[in-house]
Structures are given as structure tokens and as C-alpha cells.
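Q: Sharing a structure below in C-alpha cells format, with a few things to ask.
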Amino acid sequence: MTDQREVVIVRWPGQGPSVDRLAALLAAYHLQTESEKGEAVVDVDGLPNRYRAEILDPRAAFADDVVLMALSGDTAVGCLVVTSPVGGRSEVKRLWTDPAFRSRGIASGLLGAALAHSAKSGVSTVRLSVWKWREGAIALYERLGFTVAQSWEERDQLVCMERAV
């Protein structure tokens, strides 16, 4: 793609993108993740219930959280979820950039917006988990100051990371 329009980060829901745009990004994220785990599924119907629920009704799934989206014009090209603070911590989840728009700073922009939101919300620490094979994502997180932390996840092959805000 040669479209080089500026990418804007917006809070969702709001004035911007529809539920369908967010659902499409979440579907791509979950389908790719399942494929990488060796559990490829053909479509959303084959996803585990908890992931399918996010795609079918993101408003309900993330009702207490903040969803950020990256837009290039009217096209939703990335998303990220920041969970509501608990004990001074928030978690970043579902960071995804449309493959056609990668290497343009979109993930960095989403993470920067998430960190700024967290700081304004009084959060002291932002944490995340990432599959160990997502080396590019881990490198990005490290560049932004995240460090490997003791795991809070029970799932094998997840790397837990955090940084102070």
C-alpha cells in the first residue's frame, strides 16, 4: 500500500470508527495468534469463546477499559486496549496493527497514547504479556522501557513485561 496519510490515534467508542472496524482488527489479531500457536482456525466461529465474545461485542467485552484505535483517514489500521486500573496498575492488551500498515510507527503511537492515558489516570505501572515468539513486539516494548517481570500468567510461552509510568 502506498497510502502515506497521517495516522491518528483516537479513543473508542466515540466520534470515530464503528464497532465493525474494531471487530475486524480484533478478529485479525486473534486468528493470527491462534495460527502462531499452531491452533489455526478458519474463521471467528472457531475461536475460543472468550476471544469470539470480544469480536462479537467489543463494547461489552471492554466496557470498563479504554480502547485506542489508529486511523488512516477512515480506515482503522490498529488497536490497543488499556484495562481499568487495579492496585495502581493497568494492562495493555490486544495491540494489533494491520500488516499492510506496519513499520509506520503505529504500534509505537498506540503504546505512547496508552502510556499517556495511564499517567493521567494515576496509574503507576503498565504491564503486558506477549508470546515469546513475537520477537519484534518484545523489541518494541523494550525500546519503550518495558522490562521482563515475574510472570503473572499461567499460560506457557508468555513473557510478562512492565514499566513504570
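Going through the C-alpha cells in order, the chains are called A, B, and so on, while each chain numbers its residues from 1 and the ligands are numbered from 1 in the order shown.
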Would you give me, as a PyMOL selection string, the residues in chain A that DSSP reads as alpha helix (DSSP H)?
A: chain A and resi 19-36+49-56+58-61+106-120+135-143
Q: Based on the selection just made, write C-alpha atoms of those residues as an mmCIF file, in the first residue's frame.
A:
```
data_model
loop_
_atom_site.group_PDB
_atom_site.id
_atom_site.type_symbol
_atom_site.label_atom_id
_atom_site.label_comp_id
_atom_site.auth_asym_id
_atom_site.auth_seq_id
_atom_site.Cartn_x
_atom_site.Cartn_y
_atom_site.Cartn_z
ATOM 1 C CA VAL A 19 -17.861 -1.468 16.113
ATOM 2 C CA ASP A 20 -17.310 -3.365 12.855
ATOM 3 C CA ARG A 21 -13.903 -1.757 12.322
ATOM 4 C CA LEU A 22 -12.728 -2.676 15.797
ATOM 5 C CA ALA A 23 -14.204 -6.161 15.475
ATOM 6 C CA ALA A 24 -12.289 -6.713 12.229
ATOM 7 C CA LEU A 25 -8.990 -5.731 13.875
ATOM 8 C CA LEU A 26 -9.686 -7.975 16.870
ATOM 9 C CA ALA A 27 -10.608 -10.870 14.579
ATOM 10 C CA ALA A 28 -7.348 -10.499 12.652
ATOM 11 C CA TYR A 29 -5.404 -10.352 15.926
ATOM 12 C CA HIS A 30 -6.989 -13.480 17.379
ATOM 13 C CA LEU A 31 -6.886 -15.502 14.150
ATOM 14 C CA GLN A 32 -3.191 -14.690 13.694
ATOM 15 C CA THR A 33 -2.421 -15.523 17.321
ATOM 16 C CA GLU A 34 -4.171 -18.883 17.139
ATOM 17 C CA SER A 35 -2.291 -19.648 13.919
ATOM 18 C CA GLU A 36 1.037 -18.787 15.567
ATOM 19 C CA ASN A 49 -15.430 -18.349 23.370
ATOM 20 C CA ARG A 50 -13.595 -15.578 25.273
ATOM 21 C CA TYR A 51 -11.993 -14.281 22.055
ATOM 22 C CA ARG A 52 -15.140 -14.657 19.997
ATOM 23 C CA ALA A 53 -17.028 -12.616 22.621
ATOM 24 C CA GLU A 54 -14.599 -9.696 22.166
ATOM 25 C CA ILE A 55 -15.164 -9.724 18.416
ATOM 26 C CA LEU A 56 -18.934 -10.123 18.545
ATOM 27 C CA PRO A 58 -16.412 -5.287 21.846
ATOM 28 C CA ARG A 59 -18.499 -2.706 23.726
ATOM 29 C CA ALA A 60 -19.435 -5.304 26.337
ATOM 30 C CA ALA A 61 -16.035 -7.026 26.372
ATOM 31 C CA ILE A 106 1.504 2.844 14.528
ATOM 32 C CA ALA A 107 2.181 0.391 17.356
ATOM 33 C CA SER A 108 4.558 2.897 18.975
ATOM 34 C CA GLY A 109 1.913 5.604 18.656
ATOM 35 C CA LEU A 110 -0.745 3.410 20.230
ATOM 36 C CA LEU A 111 1.575 2.470 23.089
ATOM 37 C CA GLY A 112 2.553 6.102 23.624
ATOM 38 C CA ALA A 113 -1.106 7.086 23.818
ATOM 39 C CA ALA A 114 -1.784 4.213 26.237
ATOM 40 C CA LEU A 115 1.079 5.296 28.497
ATOM 41 C CA ALA A 116 -0.109 8.919 28.431
ATOM 42 C CA HIS A 117 -3.657 7.827 29.281
ATOM 43 C CA SER A 118 -2.357 5.660 32.116
ATOM 44 C CA ALA A 119 -0.296 8.525 33.550
ATOM 45 C CA LYS A 120 -3.350 10.815 33.523
ATOM 46 C CA GLU A 135 10.355 -11.008 18.955
ATOM 47 C CA GLY A 136 9.555 -7.785 17.076
ATOM 48 C CA ALA A 137 6.896 -6.866 19.628
ATOM 49 C CA ILE A 138 9.227 -7.666 22.522
ATOM 50 C CA ALA A 139 11.919 -5.448 20.980
ATOM 51 C CA LEU A 140 9.380 -2.619 20.616
ATOM 52 C CA TYR A 141 8.295 -2.948 24.238
ATOM 53 C CA GLU A 142 11.922 -2.918 25.385
ATOM 54 C CA ARG A 143 12.622 0.226 23.326
#
```
Q: If you run DSSP over the backbone, which residues in chain A end up strand (DSSP E or B)? Put them as a VMD selection string.
A: chain A and resid 7 to 12 66 to 72 75 to 82 86 89 to 97 125 to 131 147 to 148 158 to 164
Q: A:Cys160, A:Leu95, A:Gly46, A:Lys37: which is nearest Val82 (chain A), counting only C-alpha atoms?
A: A:Leu95
Q: Using only C-alpha atoms, what does the table of region 6-34 of chain A residues within 8 Å of region 71-74 of chain A look like, with each row giving the shortest atom pair and its distance in Å to one decimal, sorted by chain and ascending number, as JSON lines?
A:
```
{"residue": "A:Glu6", "atom": "CA", "partner": "A:Ser72", "partner_atom": "CA", "distance": 6.2}
{"residue": "A:Val7", "atom": "CA", "partner": "A:Ser72", "partner_atom": "CA", "distance": 4.6}
{"residue": "A:Val8", "atom": "CA", "partner": "A:Leu71", "partner_atom": "CA", "distance": 5.2}
{"residue": "A:Ile9", "atom": "CA", "partner": "A:Leu71", "partner_atom": "CA", "distance": 6.3}
{"residue": "A:Val10", "atom": "CA", "partner": "A:Leu71", "partner_atom": "CA", "distance": 7.5}
{"residue": "A:Pro17", "atom": "CA", "partner": "A:Asp74", "partner_atom": "CA", "distance": 7.6}
```
Q: Would you mind exporting the chosen residues as a PDB file, in the first residue's frame, restricted to N, CA, C and O atoms?
A:
```
ATOM      1  N   GLU A   6      -1.464  10.689   7.251  1.00  0.00           N
ATOM      2  CA  GLU A   6      -1.169  10.687   8.673  1.00  0.00           C
ATOM      3  C   GLU A   6      -2.090   9.720   9.404  1.00  0.00           C
ATOM      4  O   GLU A   6      -3.267   9.597   9.093  1.00  0.00           O
ATOM      5  N   VAL A   7      -1.527   9.049  10.378  1.00  0.00           N
ATOM      6  CA  VAL A   7      -2.305   8.143  11.214  1.00  0.00           C
ATOM      7  C   VAL A   7      -2.650   8.875  12.499  1.00  0.00           C
ATOM      8  O   VAL A   7      -1.802   9.514  13.116  1.00  0.00           O
ATOM      9  N   VAL A   8      -3.911   8.803  12.891  1.00  0.00           N
ATOM     10  CA  VAL A   8      -4.413   9.486  14.077  1.00  0.00           C
ATOM     11  C   VAL A   8      -4.847   8.439  15.084  1.00  0.00           C
ATOM     12  O   VAL A   8      -5.494   7.454  14.732  1.00  0.00           O
ATOM     13  N   ILE A   9      -4.493   8.647  16.352  1.00  0.00           N
ATOM     14  CA  ILE A   9      -4.922   7.752  17.426  1.00  0.00           C
ATOM     15  C   ILE A   9      -6.165   8.353  18.071  1.00  0.00           C
ATOM     16  O   ILE A   9      -6.173   9.520  18.453  1.00  0.00           O
ATOM     17  N   VAL A  10      -7.232   7.557  18.169  1.00  0.00           N
ATOM     18  CA  VAL A  10      -8.481   8.029  18.762  1.00  0.00           C
ATOM     19  C   VAL A  10      -8.926   7.063  19.855  1.00  0.00           C
ATOM     20  O   VAL A  10      -8.594   5.884  19.832  1.00  0.00           O
ATOM     21  N   PRO A  17     -14.517   5.441  14.690  1.00  0.00           N
ATOM     22  CA  PRO A  17     -14.824   4.206  13.981  1.00  0.00           C
ATOM     23  C   PRO A  17     -15.952   3.391  14.599  1.00  0.00           C
ATOM     24  O   PRO A  17     -16.226   3.476  15.784  1.00  0.00           O
TER      25      PRO A  17
END
```
Q: Which residues, written as a PDB file with all heavy atoms, in the first residue's frame, have at least one atom at most 9 Å from region 123-125 of chain A, with only C-alpha atoms counted and residues fewer than 5 positions away on the same chain left out?
A:
```pdb
ATOM      1  N   PRO A  85      -7.548   0.575  35.814  1.00  0.00           N
ATOM      2  CA  PRO A  85      -6.529   0.376  36.850  1.00  0.00           C
ATOM      3  C   PRO A  85      -7.029  -0.489  38.006  1.00  0.00           C
ATOM      4  O   PRO A  85      -8.168  -0.366  38.436  1.00  0.00           O
ATOM      5  CB  PRO A  85      -6.230   1.788  37.349  1.00  0.00           C
ATOM      6  CG  PRO A  85      -6.795   2.714  36.340  1.00  0.00           C
ATOM      7  CD  PRO A  85      -7.897   1.985  35.651  1.00  0.00           C
ATOM      8  N   VAL A  86      -6.136  -1.354  38.460  1.00  0.00           N
ATOM      9  CA  VAL A  86      -6.377  -2.160  39.655  1.00  0.00           C
ATOM     10  C   VAL A  86      -5.083  -2.108  40.463  1.00  0.00           C
ATOM     11  O   VAL A  86      -4.024  -2.489  39.963  1.00  0.00           O
ATOM     12  CB  VAL A  86      -6.724  -3.621  39.310  1.00  0.00           C
ATOM     13  CG1 VAL A  86      -6.839  -4.459  40.571  1.00  0.00           C
ATOM     14  CG2 VAL A  86      -7.993  -3.707  38.485  1.00  0.00           C
ATOM     15  N   GLY A  87      -5.175  -1.593  41.674  1.00  0.00           N
ATOM     16  CA  GLY A  87      -3.997  -1.510  42.525  1.00  0.00           C
ATOM     17  C   GLY A  87      -2.871  -0.682  41.920  1.00  0.00           C
ATOM     18  O   GLY A  87      -1.706  -1.010  42.084  1.00  0.00           O
ATOM     19  N   GLY A  88      -3.235   0.375  41.185  1.00  0.00           N
ATOM     20  CA  GLY A  88      -2.228   1.246  40.581  1.00  0.00           C
ATOM     21  C   GLY A  88      -1.616   0.727  39.296  1.00  0.00           C
ATOM     22  O   GLY A  88      -0.674   1.310  38.766  1.00  0.00           O
ATOM     23  N   ARG A  89      -2.171  -0.370  38.776  1.00  0.00           N
ATOM     24  CA  ARG A  89      -1.659  -0.971  37.543  1.00  0.00           C
ATOM     25  C   ARG A  89      -2.751  -1.078  36.483  1.00  0.00           C
ATOM     26  O   ARG A  89      -3.894  -1.357  36.791  1.00  0.00           O
ATOM     27  CB  ARG A  89      -1.142  -2.386  37.796  1.00  0.00           C
ATOM     28  CG  ARG A  89       0.065  -2.448  38.645  1.00  0.00           C
ATOM     29  CD  ARG A  89       0.518  -3.880  38.751  1.00  0.00           C
ATOM     30  NE  ARG A  89       1.749  -3.940  39.507  1.00  0.00           N
ATOM     31  CZ  ARG A  89       2.330  -5.041  39.878  1.00  0.00           C
ATOM     32  NH1 ARG A  89       1.794  -6.199  39.561  1.00  0.00           N
ATOM     33  NH2 ARG A  89       3.445  -5.009  40.560  1.00  0.00           N
ATOM     34  N   SER A  90      -2.333  -0.871  35.245  1.00  0.00           N
ATOM     35  CA  SER A  90      -3.187  -1.156  34.090  1.00  0.00           C
ATOM     36  C   SER A  90      -2.434  -2.150  33.216  1.00  0.00           C
ATOM     37  O   SER A  90      -1.218  -2.286  33.320  1.00  0.00           O
ATOM     38  CB  SER A  90      -3.465   0.105  33.281  1.00  0.00           C
ATOM     39  OG  SER A  90      -4.400   0.919  33.935  1.00  0.00           O
ATOM     40  N   GLU A  91      -3.175  -2.796  32.356  1.00  0.00           N
ATOM     41  CA  GLU A  91      -2.554  -3.753  31.438  1.00  0.00           C
ATOM     42  C   GLU A  91      -2.872  -3.360  30.000  1.00  0.00           C
ATOM     43  O   GLU A  91      -3.991  -2.948  29.695  1.00  0.00           O
ATOM     44  CB  GLU A  91      -3.055  -5.165  31.725  1.00  0.00           C
ATOM     45  CG  GLU A  91      -2.316  -6.222  30.944  1.00  0.00           C
ATOM     46  CD  GLU A  91      -2.607  -7.639  31.440  1.00  0.00           C
ATOM     47  OE1 GLU A  91      -3.291  -7.814  32.461  1.00  0.00           O
ATOM     48  OE2 GLU A  91      -2.137  -8.576  30.772  1.00  0.00           O
ATOM     49  N   HIS A 117      -2.358   8.015  28.630  1.00  0.00           N
ATOM     50  CA  HIS A 117      -3.657   7.827  29.281  1.00  0.00           C
ATOM     51  C   HIS A 117      -3.467   7.270  30.692  1.00  0.00           C
ATOM     52  O   HIS A 117      -4.106   7.731  31.649  1.00  0.00           O
ATOM     53  CB  HIS A 117      -4.538   6.885  28.460  1.00  0.00           C
ATOM     54  CG  HIS A 117      -5.710   6.381  29.232  1.00  0.00           C
ATOM     55  ND1 HIS A 117      -6.826   7.143  29.476  1.00  0.00           N
ATOM     56  CD2 HIS A 117      -5.904   5.206  29.879  1.00  0.00           C
ATOM     57  CE1 HIS A 117      -7.683   6.449  30.215  1.00  0.00           C
ATOM     58  NE2 HIS A 117      -7.138   5.281  30.474  1.00  0.00           N
ATOM     59  N   SER A 118      -2.599   6.279  30.818  1.00  0.00           N
ATOM     60  CA  SER A 118      -2.357   5.660  32.116  1.00  0.00           C
ATOM     61  C   SER A 118      -1.803   6.667  33.114  1.00  0.00           C
ATOM     62  O   SER A 118      -2.226   6.698  34.269  1.00  0.00           O
ATOM     63  CB  SER A 118      -1.400   4.471  31.966  1.00  0.00           C
ATOM     64  OG  SER A 118      -2.005   3.466  31.172  1.00  0.00           O
ATOM     65  N   GLU A 162       6.676  -5.112  32.190  1.00  0.00           N
ATOM     66  CA  GLU A 162       6.040  -3.949  32.803  1.00  0.00           C
ATOM     67  C   GLU A 162       6.988  -2.771  32.769  1.00  0.00           C
ATOM     68  O   GLU A 162       8.181  -2.926  32.515  1.00  0.00           O
ATOM     69  CB  GLU A 162       5.591  -4.248  34.229  1.00  0.00           C
ATOM     70  CG  GLU A 162       6.699  -4.606  35.184  1.00  0.00           C
ATOM     71  CD  GLU A 162       6.195  -4.997  36.555  1.00  0.00           C
ATOM     72  OE1 GLU A 162       4.991  -5.276  36.712  1.00  0.00           O
ATOM     73  OE2 GLU A 162       7.006  -5.023  37.490  1.00  0.00           O
ATOM     74  N   ARG A 163       6.417  -1.600  32.997  1.00  0.00           N
ATOM     75  CA  ARG A 163       7.217  -0.383  33.128  1.00  0.00           C
ATOM     76  C   ARG A 163       6.463   0.609  33.996  1.00  0.00           C
ATOM     77  O   ARG A 163       5.231   0.609  34.039  1.00  0.00           O
ATOM     78  CB  ARG A 163       7.584   0.219  31.785  1.00  0.00           C
ATOM     79  CG  ARG A 163       6.430   0.889  31.060  1.00  0.00           C
ATOM     80  CD  ARG A 163       6.880   1.852  30.008  1.00  0.00           C
ATOM     81  NE  ARG A 163       7.003   3.180  30.578  1.00  0.00           N
ATOM     82  CZ  ARG A 163       7.307   4.247  29.890  1.00  0.00           C
ATOM     83  NH1 ARG A 163       7.574   4.155  28.617  1.00  0.00           N
ATOM     84  NH2 ARG A 163       7.368   5.423  30.458  1.00  0.00           N
ATOM     85  N   ALA A 164       7.238   1.437  34.661  1.00  0.00           N
ATOM     86  CA  ALA A 164       6.649   2.496  35.465  1.00  0.00           C
ATOM     87  C   ALA A 164       6.150   3.587  34.531  1.00  0.00           C
ATOM     88  O   ALA A 164       6.680   3.786  33.443  1.00  0.00           O
ATOM     89  CB  ALA A 164       7.692   3.067  36.435  1.00  0.00           C
ATOM     90  N   VAL A 165       5.114   4.284  34.983  1.00  0.00           N
ATOM     91  CA  VAL A 165       4.559   5.371  34.189  1.00  0.00           C
ATOM     92  C   VAL A 165       5.037   6.685  34.792  1.00  0.00           C
ATOM     93  O   VAL A 165       5.057   6.877  35.976  1.00  0.00           O
ATOM     94  CB  VAL A 165       3.019   5.324  34.169  1.00  0.00           C
ATOM     95  CG1 VAL A 165       2.452   6.477  33.367  1.00  0.00           C
ATOM     96  CG2 VAL A 165       2.558   4.007  33.598  1.00  0.00           C
TER      97      VAL A 165
END
```
